[in-house]
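Everything on this sheet refers to the single structure shown next.
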Protein chains: 2
Amino acid sequence: MSFFIPKGYRFSGIHCEVKPNTEKKDLALVVSDFPATVAGVYTQNLVCGAPVQLDRKRTPGEDFRLIITNSGVANACTGELGLQNAEKMVALTARELGFPEEKGLVMSTGVIGIQLPMDRIEKGIKMAVDALAPTLEGFCDAAHAMMTTDTVSKTACRTIVLSNGKTITIAGMCKGAAMIGPNMATLLTSLLTDAKLCPEDAQRLLKSAVDVSYNCISVEGHTSTSDTVLLMANGAADDVPLSGSDLEKFGEALKEICIDLAKMIPNDGEGITHLITIDVFGCKTESDAKIIAKTIANDALVKTAICGADPNWGRITSAAGRTGVLFDPMKVSLKVNGYLLYKDGTPVDFDKPAVSKDIRDHKDTHFELFLSEGEAKTRFWTSDLTMEYVRLNSDYTT
Amino acid sequence: MSFFIPKGYRFSGIHCEVKPNTEKKDLALVVSDFPATVAGVYTQNLVCGAPVQLDRKRTPGEDFRLIITNSGVANACTGELGLQNAEKMVALTARELGFPEEKGLVMSTGVIGIQLPMDRIEKGIKMAVDALAPTLEGFCDAAHAMMTTDTVSKTACRTIVLSNGKTITIAGMCKGAAMIGPNMATLLTSLLTDAKLCPEDAQRLLKSAVDVSYNCISVEGHTSTSDTVLLMANGAADDVPLSGSDLEKFGEALKEICIDLAKMIPNDGEGITHLITIDVFGCKTESDAKIIAKTIANDALVKTAICGADPNWGRITSAAGRTGVLFDPMKVSLKVNGYLLYKDGTPVDFDKPAVSKDIRDHKDTHFELFLSEGEAKTRFWTSDLTMEYVRLNSDYTT
């Protein structure tokens with residue numbers, strides 16, 4: 001599959017020793033050659049990192065030129081000095097590039113509670129500026145430099161032909177350390193497009209896309225202090241702001257990219273053996289469906305059962321029952337990997353070894369839970385819970 | 001420590017092959033020689049077992065004579081036949097003892113989704129009636145017969161001298177399979193006293209006691225379909241209903257017993273290496289404190305950190321931050337096992353190897369989280385998350 005990058009951007013990813021004792025890249029730079037609109041969606045955790053505080057103030061907005069991102073140190077729980085360092089990271093990069101100091105954004109991921117090594121970051125910024133290139137290689141370097149314990153870099157793209165015949169591109173890079181997160185499985189994403197968007201449209205479409213993607217994945221239900229998704233739109237392919245059916249198409253493509261990227265998170269991380277897709281149907285409201293799907297997605301008993309290839313329908317239906325959402329338990333049915341295990345509140349006599357083998361033989365597991373309260377539905381993704389997860393998370397900082 | 005049982009009760013616990021391929025006891029009977037008041041608190045799971053549905057209808061009430069309990073099969077998700085079987089279990093026992101059929105209660109725990117083996121239960125009831133004895137041995141047999149994957153039987157007692165000089169006794173037996181629950185870690189408790197209580201007082205005091213005990217423990221946050229706590233009061237030691245300071249004293253003793261029993265649950269179960277006590281101080285409301293404590297208690301990243309003796313304060317403060325409860329993050333402090341790790345929103349430079357060793361060397365771990373929003377506080381108990389937990393829960397039914 002070909003990968004396309006949007007026009008009017010330069011990228012780099014370099015190593016400047018924020019991550020000690022490794023050669024791994026730890027500083028990513030994305031520069032727009034044109035003033036760009038940026039929208040942002042951030043962690044809802046009250047305890048949030050300095051970069052989140054800074055970006056939240058600046059977005060949505062216009063005329064942005066750069067996103068500087070480091071991995072290795074999250075710059076969270078770092079007080080006043082942390083905030084100053086986040087601002088300084090952006091200002092140093094902007095100065096190096098000749099842009100106004102406030103026209104940049106910053107993301108950080110890694111260990112929390114320690115300060116950024118600003119001397120090394122400062123040297124790194126010069127290196128990153130020197131390395132900038134408008135190429136796929138540069139894009140991939142940047143994607144790599146965001147990674148912490150990710151085992152693969154996560155990228156996705158879409159192109160759209162507008163009604164005026166012009167082609168625009170959206171490309172996204174994402175890091176999400178899934179189960180073996182650096183303290184708390186931080187999620188960072190940069191979505192870059194050469195379409196033009198006004199800040200209000202950018203913010204609205206980004207919010208909608210995040211709602212059906214990043215807000216529908218779960219590893220252990222822990223919202224990081226640093227989760228950030230940024231959408232940058234520079235108009236390099238077409239400088240007329242999108243509207244009408246073009247805007248709609250763009251919104252759909254953005255959703256698709258976000259779902260592609262979001263699913264890569266529970267699918268990554270050592271220790272995982274299954275990616276579980278949870279469909280909940282027949283709810284009164286979408287909010288009810290989400291509560292049920294999320295509760296199942298976070299349930300340790302459900303997740304360990306799938307790890308053991310155990311078609312334990314009781315854990316799934318009982319997780320739905322404990323949510324507080326009202327439904328008729330005698331009108332609940334459940335399929336796992338297409339096999340009907342539970343119908344109208346009653347267990348079905350199914351071939352347990354066959355279903356167990358089916359779960360064991362496939363990395364993808366599919367739950368379909370059917371209620372009879374209405375037409376609302378949702379889809380969620382999660383991973384199973386394995387011994388390897390516990391081993392990896394038992395000794396992260398010490 | 002001496003153990004006292006209340007007057008006017010007979011107990012038995014026998015094996016009747018509800019649990020196949022074992023000699024383990026699986027049917028427990030408690031009989032009151034006097035008509036007794038019973039109050040009950042039940043699971044809030046919408047999907048609940050047949051015994052819960054039956055007991056919920058009958059309590060609080062008076063003139064009860066028996067509680068029949070089986071382990072091995074939960075009689076949950078068993079439809080209309082399950083309800084009939086629950087009623088039949090009580091009726092058969094009552095008939096055998098010469099009591100009215102509706103004056104009994106029933107509890108079941110074990111695998112869900114299969115029907116009770118009523119022929120074996122029926123034979124078992126006769127054996128249990130024959131074995132009844134007003135002795136500590138009978139009490140212990142009954143406590144054993146409730147167990148599923150519990151590694152120890154769980155009992156507690158208190159005696160109180162009333163203002164009239166008479167002594168009354170409360171004794172409790174509890175099963176809670178903690179992390180390696182039979183599908184979902186069901187909790188059952190019978191609390192028996194020879195004091196006299198009116199149904200309203202019994203219900204009110206039981207509710208208060210459960211709120212500070214069973215509602216403050218968590219293993220993986222999964223509310224079972226079958227959780228049941230019953231309080232039976234027969235007045236054999238003093239047939240005047242408790243009131244005034246005696247009633248208050250009784251309420252306090254009931255809380256103590258419930259806390260004793262509740263703490264035994266996360267403390268039991270193979271796979272556990274730490275019992276974690278979570279104190280949250282300085283909240284605006286007790287409800288805020290509970291939300292924070294419960295979120296920390298259920299957080300897989302917090303629980304794996306303690307398993308690894310990792311004083312990872314970031315995971316604890318971040319769990320508090322993601323609850324939705326509003327507080328000033330710059331006024332948060334945290335102690336683990338008495339060591340100050342985080343003060344006023346800033347990490348403290350502490351001796352990490354020493355704290356890690358302290359966690360590793362003690363089964364009890366103590367978190368103290370200090371906010372500055374008010375005077376409300378709470379205490380919660382949970383267990384750590386270990387590889388053994390995952391191993392055990394990965395293959396329960398298959």
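Going by the structure tokens order, chains are called A, B, ..., each with residues numbered from 1, while ligands are numbered from 1 in the order shown.
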
Only residues of chain B matter here; which ones have an atom within 7 Å of chain A, counting only C-alpha atoms? Give them as an mmCIF file with all heavy atoms, in the first residue's frame.
data_model
loop_
_atom_site.group_PDB
_atom_site.id
_atom_site.type_symbol
_atom_site.label_atom_id
_atom_site.label_comp_id
_atom_site.auth_asym_id
_atom_site.auth_seq_id
_atom_site.Cartn_x
_atom_site.Cartn_y
_atom_site.Cartn_z
ATOM 1 N N GLN B 44 -25.882 -5.052 43.206
ATOM 2 C CA GLN B 44 -26.586 -4.057 42.404
ATOM 3 C C GLN B 44 -26.535 -4.404 40.925
ATOM 4 O O GLN B 44 -26.955 -3.632 40.071
ATOM 5 C CB GLN B 44 -26.000 -2.666 42.668
ATOM 6 C CG GLN B 44 -26.381 -2.172 44.061
ATOM 7 C CD GLN B 44 -25.537 -0.998 44.522
ATOM 8 O OE1 GLN B 44 -25.187 -0.136 43.751
ATOM 9 N NE2 GLN B 44 -25.213 -0.985 45.796
ATOM 10 N N ASN B 45 -25.996 -5.594 40.620
ATOM 11 C CA ASN B 45 -25.942 -6.023 39.221
ATOM 12 C C ASN B 45 -27.349 -6.355 38.726
ATOM 13 O O ASN B 45 -28.085 -7.085 39.368
ATOM 14 C CB ASN B 45 -25.035 -7.250 39.086
ATOM 15 C CG ASN B 45 -24.605 -7.492 37.645
ATOM 16 O OD1 ASN B 45 -25.403 -7.400 36.717
ATOM 17 N ND2 ASN B 45 -23.337 -7.787 37.458
ATOM 18 N N LEU B 46 -27.689 -5.781 37.556
ATOM 19 C CA LEU B 46 -29.002 -5.985 36.966
ATOM 20 C C LEU B 46 -29.220 -7.458 36.623
ATOM 21 O O LEU B 46 -30.340 -7.973 36.658
ATOM 22 C CB LEU B 46 -29.071 -5.153 35.672
ATOM 23 C CG LEU B 46 -30.425 -4.786 35.137
ATOM 24 C CD1 LEU B 46 -31.158 -3.888 36.110
ATOM 25 C CD2 LEU B 46 -30.255 -4.065 33.807
ATOM 26 N N VAL B 47 -28.119 -8.120 36.244
ATOM 27 C CA VAL B 47 -28.176 -9.552 35.976
ATOM 28 C C VAL B 47 -27.916 -10.245 37.314
ATOM 29 O O VAL B 47 -26.779 -10.336 37.752
ATOM 30 C CB VAL B 47 -27.096 -9.954 34.940
ATOM 31 C CG1 VAL B 47 -27.106 -11.444 34.695
ATOM 32 C CG2 VAL B 47 -27.284 -9.182 33.637
ATOM 33 N N CYS B 77 -28.433 -16.738 35.913
ATOM 34 C CA CYS B 77 -28.651 -16.886 34.473
ATOM 35 C C CYS B 77 -29.278 -18.246 34.193
ATOM 36 O O CYS B 77 -28.858 -18.959 33.268
ATOM 37 C CB CYS B 77 -27.340 -16.724 33.685
ATOM 38 S SG CYS B 77 -26.603 -15.111 33.866
ATOM 39 N N THR B 78 -30.276 -18.603 34.960
ATOM 40 C CA THR B 78 -30.890 -19.921 34.844
ATOM 41 C C THR B 78 -32.396 -19.836 34.607
ATOM 42 O O THR B 78 -33.098 -20.854 34.698
ATOM 43 C CB THR B 78 -30.634 -20.734 36.124
ATOM 44 O OG1 THR B 78 -30.887 -19.878 37.257
ATOM 45 C CG2 THR B 78 -29.214 -21.237 36.186
ATOM 46 N N GLY B 79 -32.908 -18.612 34.354
ATOM 47 C CA GLY B 79 -34.298 -18.448 33.930
ATOM 48 C C GLY B 79 -35.335 -18.865 34.962
ATOM 49 O O GLY B 79 -35.069 -18.895 36.164
ATOM 50 N N ILE B 112 -21.896 -20.028 36.921
ATOM 51 C CA ILE B 112 -23.202 -19.526 36.521
ATOM 52 C C ILE B 112 -23.628 -20.159 35.203
ATOM 53 O O ILE B 112 -22.820 -20.736 34.481
ATOM 54 C CB ILE B 112 -23.245 -17.984 36.442
ATOM 55 C CG1 ILE B 112 -22.529 -17.442 35.221
ATOM 56 C CG2 ILE B 112 -22.695 -17.353 37.706
ATOM 57 C CD1 ILE B 112 -22.667 -15.940 35.081
ATOM 58 N N GLY B 113 -24.935 -20.088 34.943
ATOM 59 C CA GLY B 113 -25.454 -20.564 33.662
ATOM 60 C C GLY B 113 -25.779 -22.045 33.644
ATOM 61 O O GLY B 113 -26.122 -22.576 32.599
ATOM 62 N N ASN B 183 -16.181 -17.535 38.287
ATOM 63 C CA ASN B 183 -16.720 -16.612 37.284
ATOM 64 C C ASN B 183 -16.634 -15.166 37.698
ATOM 65 O O ASN B 183 -16.170 -14.357 36.942
ATOM 66 C CB ASN B 183 -18.152 -16.942 36.901
ATOM 67 C CG ASN B 183 -18.187 -18.034 35.869
ATOM 68 O OD1 ASN B 183 -17.188 -18.729 35.700
ATOM 69 N ND2 ASN B 183 -19.266 -18.169 35.161
ATOM 70 N N MET B 184 -17.063 -14.817 38.906
ATOM 71 C CA MET B 184 -17.016 -13.399 39.199
ATOM 72 C C MET B 184 -16.895 -13.042 40.666
ATOM 73 O O MET B 184 -17.406 -12.032 41.113
ATOM 74 C CB MET B 184 -18.214 -12.697 38.621
ATOM 75 C CG MET B 184 -19.499 -13.322 39.013
ATOM 76 S SD MET B 184 -20.725 -12.972 37.806
ATOM 77 C CE MET B 184 -19.971 -13.693 36.375
ATOM 78 N N GLU B 220 -11.315 -6.607 41.317
ATOM 79 C CA GLU B 220 -11.196 -6.083 39.953
ATOM 80 C C GLU B 220 -12.412 -5.266 39.563
ATOM 81 O O GLU B 220 -12.626 -4.993 38.393
ATOM 82 C CB GLU B 220 -10.887 -7.183 38.939
ATOM 83 C CG GLU B 220 -11.997 -8.153 38.698
ATOM 84 C CD GLU B 220 -12.188 -9.096 39.866
ATOM 85 O OE1 GLU B 220 -11.416 -10.051 40.009
ATOM 86 O OE2 GLU B 220 -13.130 -8.837 40.628
ATOM 87 N N HIS B 222 -15.544 -5.922 39.652
ATOM 88 C CA HIS B 222 -16.655 -6.625 39.010
ATOM 89 C C HIS B 222 -17.675 -7.045 40.073
ATOM 90 O O HIS B 222 -17.406 -7.910 40.886
ATOM 91 C CB HIS B 222 -16.122 -7.842 38.265
ATOM 92 C CG HIS B 222 -17.103 -8.412 37.286
ATOM 93 N ND1 HIS B 222 -16.793 -8.650 35.977
ATOM 94 C CD2 HIS B 222 -18.396 -8.752 37.419
ATOM 95 C CE1 HIS B 222 -17.840 -9.146 35.345
ATOM 96 N NE2 HIS B 222 -18.833 -9.211 36.215
ATOM 97 N N THR B 223 -18.869 -6.410 40.059
ATOM 98 C CA THR B 223 -19.954 -6.762 40.972
ATOM 99 C C THR B 223 -20.575 -8.076 40.534
ATOM 100 O O THR B 223 -21.049 -8.190 39.419
ATOM 101 C CB THR B 223 -21.058 -5.687 40.920
ATOM 102 O OG1 THR B 223 -20.472 -4.418 41.041
ATOM 103 C CG2 THR B 223 -22.068 -5.906 42.032
ATOM 104 N N THR B 225 -23.139 -11.384 40.206
ATOM 105 C CA THR B 225 -24.590 -11.547 40.073
ATOM 106 C C THR B 225 -25.227 -12.036 41.360
ATOM 107 O O THR B 225 -26.444 -12.061 41.473
ATOM 108 C CB THR B 225 -24.911 -12.605 38.993
ATOM 109 O OG1 THR B 225 -24.202 -13.803 39.316
ATOM 110 C CG2 THR B 225 -24.526 -12.126 37.622
ATOM 111 N N ALA B 300 -5.323 -1.047 37.129
ATOM 112 C CA ALA B 300 -4.387 -2.142 36.849
ATOM 113 C C ALA B 300 -2.939 -1.680 36.940
ATOM 114 O O ALA B 300 -2.059 -2.439 37.369
ATOM 115 C CB ALA B 300 -4.668 -2.731 35.469
ATOM 116 N N LEU B 301 -2.670 -0.438 36.548
ATOM 117 C CA LEU B 301 -1.285 0.042 36.591
ATOM 118 C C LEU B 301 -0.821 0.247 38.030
ATOM 119 O O LEU B 301 0.331 -0.029 38.362
ATOM 120 C CB LEU B 301 -1.163 1.346 35.790
ATOM 121 C CG LEU B 301 -1.284 1.187 34.274
ATOM 122 C CD1 LEU B 301 -1.385 2.546 33.597
ATOM 123 C CD2 LEU B 301 -0.113 0.398 33.712
ATOM 124 N N THR B 304 -0.367 -3.438 39.488
ATOM 125 C CA THR B 304 0.831 -4.147 39.032
ATOM 126 C C THR B 304 2.080 -3.518 39.636
ATOM 127 O O THR B 304 3.043 -4.215 39.952
ATOM 128 C CB THR B 304 0.954 -4.137 37.499
ATOM 129 O OG1 THR B 304 0.760 -2.808 37.019
ATOM 130 C CG2 THR B 304 -0.057 -5.052 36.858
ATOM 131 N N ALA B 305 2.066 -2.189 39.827
ATOM 132 C CA ALA B 305 3.230 -1.518 40.419
ATOM 133 C C ALA B 305 3.503 -2.069 41.820
ATOM 134 O O ALA B 305 4.653 -2.375 42.164
ATOM 135 C CB ALA B 305 3.005 -0.003 40.479
ATOM 136 N N CYS B 307 2.559 -4.952 43.050
ATOM 137 C CA CYS B 307 3.028 -6.333 42.869
ATOM 138 C C CYS B 307 4.540 -6.334 42.658
ATOM 139 O O CYS B 307 5.250 -7.177 43.187
ATOM 140 C CB CYS B 307 2.303 -6.958 41.682
ATOM 141 S SG CYS B 307 3.056 -8.442 41.039
ATOM 142 N N GLY B 308 5.047 -5.373 41.922
ATOM 143 C CA GLY B 308 6.474 -5.275 41.651
ATOM 144 C C GLY B 308 7.231 -4.433 42.668
ATOM 145 O O GLY B 308 8.373 -4.068 42.429
ATOM 146 N N ASP B 310 7.001 -1.400 43.375
ATOM 147 C CA ASP B 310 7.427 -0.177 42.698
ATOM 148 C C ASP B 310 6.658 1.017 43.286
ATOM 149 O O ASP B 310 5.453 1.118 43.119
ATOM 150 C CB ASP B 310 7.114 -0.335 41.202
ATOM 151 C CG ASP B 310 7.400 0.924 40.390
ATOM 152 O OD1 ASP B 310 7.875 1.922 40.972
ATOM 153 O OD2 ASP B 310 7.145 0.894 39.178
ATOM 154 N N ASN B 312 5.466 3.746 42.588
ATOM 155 C CA ASN B 312 5.187 4.543 41.394
ATOM 156 C C ASN B 312 4.057 5.537 41.695
ATOM 157 O O ASN B 312 2.897 5.339 41.331
ATOM 158 C CB ASN B 312 4.793 3.583 40.261
ATOM 159 C CG ASN B 312 4.785 4.268 38.923
ATOM 160 O OD1 ASN B 312 4.320 5.407 38.813
ATOM 161 N ND2 ASN B 312 5.301 3.616 37.913
ATOM 162 N N GLY B 314 3.296 8.277 40.444
ATOM 163 C CA GLY B 314 2.651 8.876 39.268
ATOM 164 C C GLY B 314 1.369 8.154 38.897
ATOM 165 O O GLY B 314 0.377 8.771 38.515
ATOM 166 N N ARG B 315 1.397 6.822 38.993
ATOM 167 C CA ARG B 315 0.194 6.065 38.637
ATOM 168 C C ARG B 315 -0.933 6.340 39.639
ATOM 169 O O ARG B 315 -2.109 6.335 39.273
ATOM 170 C CB ARG B 315 0.504 4.564 38.615
ATOM 171 C CG ARG B 315 1.471 4.186 37.511
ATOM 172 C CD ARG B 315 1.696 2.685 37.436
ATOM 173 N NE ARG B 315 2.709 2.371 36.431
ATOM 174 C CZ ARG B 315 3.132 1.146 36.155
ATOM 175 N NH1 ARG B 315 2.634 0.105 36.805
ATOM 176 N NH2 ARG B 315 4.047 0.951 35.227
ATOM 177 N N SER B 318 -2.185 10.074 39.192
ATOM 178 C CA SER B 318 -2.855 10.184 37.904
ATOM 179 C C SER B 318 -4.202 9.471 37.932
ATOM 180 O O SER B 318 -5.165 9.923 37.307
ATOM 181 C CB SER B 318 -1.940 9.615 36.822
ATOM 182 O OG SER B 318 -2.642 9.447 35.630
ATOM 183 N N ALA B 319 -4.293 8.352 38.649
ATOM 184 C CA ALA B 319 -5.588 7.670 38.804
ATOM 185 C C ALA B 319 -6.575 8.599 39.503
ATOM 186 O O ALA B 319 -7.744 8.694 39.119
ATOM 187 C CB ALA B 319 -5.422 6.371 39.593
ATOM 188 N N GLY B 321 -6.538 11.798 39.370
ATOM 189 C CA GLY B 321 -6.834 12.878 38.437
ATOM 190 C C GLY B 321 -7.839 12.508 37.369
ATOM 191 O O GLY B 321 -8.540 13.361 36.838
ATOM 192 N N ARG B 322 -7.932 11.223 37.031
ATOM 193 C CA ARG B 322 -8.812 10.827 35.934
ATOM 194 C C ARG B 322 -10.239 10.505 36.382
ATOM 195 O O ARG B 322 -11.052 10.043 35.598
ATOM 196 C CB ARG B 322 -8.230 9.627 35.188
ATOM 197 C CG ARG B 322 -8.308 8.290 35.908
ATOM 198 C CD ARG B 322 -7.742 7.186 35.003
ATOM 199 N NE ARG B 322 -7.565 5.940 35.702
ATOM 200 C CZ ARG B 322 -8.493 4.989 35.803
ATOM 201 N NH1 ARG B 322 -9.672 5.165 35.289
ATOM 202 N NH2 ARG B 322 -8.236 3.868 36.446
ATOM 203 N N PRO B 329 -4.625 20.202 41.707
ATOM 204 C CA PRO B 329 -3.522 19.243 41.620
ATOM 205 C C PRO B 329 -2.248 19.733 42.312
ATOM 206 O O PRO B 329 -1.378 18.922 42.643
ATOM 207 C CB PRO B 329 -3.274 19.101 40.117
ATOM 208 C CG PRO B 329 -4.372 19.803 39.420
ATOM 209 C CD PRO B 329 -5.027 20.732 40.390
ATOM 210 N N GLY B 345 1.772 18.697 44.870
ATOM 211 C CA GLY B 345 1.833 18.597 43.415
ATOM 212 C C GLY B 345 3.214 18.420 42.833
ATOM 213 O O GLY B 345 3.405 18.518 41.620
ATOM 214 N N THR B 346 4.207 18.134 43.671
ATOM 215 C CA THR B 346 5.590 18.050 43.205
ATOM 216 C C THR B 346 6.245 16.783 43.761
ATOM 217 O O THR B 346 6.064 16.461 44.934
ATOM 218 C CB THR B 346 6.391 19.279 43.688
ATOM 219 O OG1 THR B 346 5.624 20.453 43.389
ATOM 220 C CG2 THR B 346 7.737 19.381 42.999
ATOM 221 N N PRO B 347 6.996 16.067 42.927
ATOM 222 C CA PRO B 347 7.668 14.857 43.424
ATOM 223 C C PRO B 347 8.694 15.196 44.498
ATOM 224 O O PRO B 347 9.379 16.213 44.399
ATOM 225 C CB PRO B 347 8.380 14.304 42.185
ATOM 226 C CG PRO B 347 7.872 15.053 41.022
ATOM 227 C CD PRO B 347 7.259 16.313 41.500
ATOM 228 N N THR B 386 -1.283 -9.696 40.056
ATOM 229 C CA THR B 386 -0.094 -10.520 39.857
ATOM 230 C C THR B 386 -0.234 -11.419 38.630
ATOM 231 O O THR B 386 -1.334 -11.630 38.127
ATOM 232 C CB THR B 386 0.141 -11.426 41.081
ATOM 233 O OG1 THR B 386 -0.917 -12.406 41.112
ATOM 234 C CG2 THR B 386 0.103 -10.616 42.380
ATOM 235 N N MET B 387 0.876 -11.964 38.196
ATOM 236 C CA MET B 387 0.848 -12.889 37.063
ATOM 237 C C MET B 387 0.016 -14.115 37.420
ATOM 238 O O MET B 387 -0.688 -14.671 36.578
ATOM 239 C CB MET B 387 2.266 -13.311 36.705
ATOM 240 C CG MET B 387 3.091 -12.153 36.178
ATOM 241 S SD MET B 387 4.306 -12.700 34.986
ATOM 242 C CE MET B 387 5.622 -13.146 36.066
ATOM 243 N N VAL B 390 -3.647 -13.645 36.695
ATOM 244 C CA VAL B 390 -3.986 -13.807 35.282
ATOM 245 C C VAL B 390 -3.994 -15.280 34.908
ATOM 246 O O VAL B 390 -4.903 -15.763 34.232
ATOM 247 C CB VAL B 390 -3.006 -13.016 34.389
ATOM 248 C CG1 VAL B 390 -3.301 -13.279 32.918
ATOM 249 C CG2 VAL B 390 -3.089 -11.530 34.698
ATOM 250 N N ARG B 391 -3.004 -16.002 35.407
ATOM 251 C CA ARG B 391 -2.934 -17.430 35.081
ATOM 252 C C ARG B 391 -4.211 -18.141 35.556
ATOM 253 O O ARG B 391 -4.853 -18.879 34.815
ATOM 254 C CB ARG B 391 -1.705 -18.073 35.736
ATOM 255 C CG ARG B 391 -1.372 -19.463 35.173
ATOM 256 C CD ARG B 391 -0.221 -20.114 35.911
ATOM 257 N NE ARG B 391 -0.522 -20.414 37.301
ATOM 258 C CZ ARG B 391 -1.330 -21.390 37.711
ATOM 259 N NH1 ARG B 391 -1.929 -22.162 36.832
ATOM 260 N NH2 ARG B 391 -1.557 -21.584 38.995
ATOM 261 N N ASN B 393 -7.178 -16.881 36.283
ATOM 262 C CA ASN B 393 -8.419 -16.423 35.678
ATOM 263 C C ASN B 393 -8.501 -16.686 34.187
ATOM 264 O O ASN B 393 -9.532 -16.462 33.564
ATOM 265 C CB ASN B 393 -8.637 -14.941 35.972
ATOM 266 C CG ASN B 393 -9.308 -14.765 37.312
ATOM 267 O OD1 ASN B 393 -10.478 -15.071 37.452
ATOM 268 N ND2 ASN B 393 -8.557 -14.329 38.299
ATOM 269 N N SER B 394 -7.392 -17.139 33.621
ATOM 270 C CA SER B 394 -7.383 -17.402 32.186
ATOM 271 C C SER B 394 -8.021 -18.738 31.865
ATOM 272 O O SER B 394 -8.389 -19.001 30.736
ATOM 273 C CB SER B 394 -5.953 -17.387 31.641
ATOM 274 O OG SER B 394 -5.391 -16.120 31.807
ATOM 275 N N ASP B 395 -8.122 -19.604 32.837
ATOM 276 C CA ASP B 395 -8.721 -20.902 32.504
ATOM 277 C C ASP B 395 -9.615 -21.407 33.616
ATOM 278 O O ASP B 395 -9.325 -22.398 34.243
ATOM 279 C CB ASP B 395 -7.650 -21.926 32.149
ATOM 280 C CG ASP B 395 -6.630 -22.115 33.241
ATOM 281 O OD1 ASP B 395 -6.807 -21.525 34.335
ATOM 282 O OD2 ASP B 395 -5.675 -22.835 33.027
ATOM 283 N N THR B 397 -13.341 -21.784 33.214
ATOM 284 C CA THR B 397 -14.414 -22.692 32.794
ATOM 285 C C THR B 397 -13.987 -23.726 31.766
ATOM 286 O O THR B 397 -14.595 -24.772 31.682
ATOM 287 C CB THR B 397 -15.658 -21.956 32.216
ATOM 288 O OG1 THR B 397 -15.308 -21.383 30.960
ATOM 289 C CG2 THR B 397 -16.168 -20.883 33.146
ATOM 290 N N THR B 398 -12.952 -23.415 30.958
ATOM 291 C CA THR B 398 -12.568 -24.404 29.935
ATOM 292 C C THR B 398 -11.419 -25.254 30.417
ATOM 293 O O THR B 398 -10.708 -24.889 31.314
ATOM 294 C CB THR B 398 -12.154 -23.711 28.628
ATOM 295 O OG1 THR B 398 -11.214 -22.694 28.933
ATOM 296 C CG2 THR B 398 -13.331 -23.136 27.932
#

Point to revise | Ile276 in chain B environment, 8 Å, only C-alpha atoms, sequence neighbours closer than 2 positions dropped, as a PyMOL selection string | key: chain B and resi 274+278+364-367+381-384

Review point. Near range 2-12 of chain A, counting only C-alpha atoms, which residues have an atom at most 6 Å away, once you skip same-chain residues fewer than 6 positions from it, shown as a count of residues only?
Key: 20

Check your understanding: CA of Val355 in chain A to CA of Thr277 in chain A: how many Å, to one decimal?
Key -> 16.2 Å

Review point. In terms of the shortest atom-to-atom distance over only C-alpha atoms, which of B:Asp63, B:Asp351, B:Asp55, B:Glu122 is closest to Asp227 in chain B?
Key: B:Asp55

Exercise for review: Would you return as number ranges by chain the members of range 152-358 of chain B that DSSP assigns to helix (DSSP H, G or I) on this structure's backbone?
Suggested key: B: 178-180, 199-211, 214-216, 244-264, 286-298, 300-307, 313-321, 329-331, 352-358

**Study point:** Selection near Cys174 in chain B, 12 Å with only C-alpha atoms, sequence-local residues under 4 positions removed, as a VMD selection string
**Key:** chain B and resid 28 69 107 109 139 to 140 142 to 148 150 152 to 157 178 186 to 192 214 227 to 231 257 to 265 268

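All residues of protein, DNA or RNA that reach within 12 Å of Lys249 in chain B, judged by only C-alpha atoms and not counting those fewer than 3 positions away in the chain, are Arg158, Thr159, Ile160, Val161, Leu162, Ser163, Ile168, Thr169, Ile170, Ala195, Leu205, Leu242, Ser243, Gly244, Ser245, Asp246, Glu252, Ala253, Leu254, Lys255 and Glu256 of chain B.
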
**Study point:** Closest of B:Glu373, B:Glu368, B:Asp239, B:Glu87 to Met118 in chain B - atom-to-atom distances counting only C-alpha atoms
**Key:**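 Counting only C-alpha atoms, the residue closest to Met118 in chain B is B:Glu87.
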
Revision key, fill the gap. The distance between CA of Gly49 in chain A and CA of His15 in chain A is 22.2 Å

Exercise for review: Between CA of Glu375 in chain B and CA of Leu334 in chain B, measure the distance and give it in Å to one decimal.
Suggested key: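 Taking CA of Glu375 in chain B as the start and CA of Leu334 in chain B as the end point, the length is 16.4 Å.
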
Point to revise | Shell of 9 Å around range 92-97 of chain A, only C-alpha atoms, local chain residues under 2 positions omitted, as a PyMOL selection string | key: chain A and resi 29+65-66+68+87-90+99-104+122+125-126+129

Review point. Residues of range 284-395 of chain A in strand (DSSP E) according to DSSP, as a PyMOL selection string?
Key: chain A and resi 333-336+339-343+346-347+364-370+376-383

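For Gln53 in chain A, the list of residues within 10 Å, based on only C-alpha atoms and with local chain neighbours fewer than 3 positions off taken out, reads Tyr42, Cys48, Gly49, Ala50, Arg56, Lys57, Arg58, Ala76, Leu83, Ala86 and Ser226 of chain A.
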
Review point. Out of B:Ile316, B:Glu62, B:Ala233, B:Thr149, which residue has the shortest atom-to-atom distance to Lys24 in chain B when counting only C-alpha atoms?
Key: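 Nearest to Lys24 in chain B: B:Thr149.
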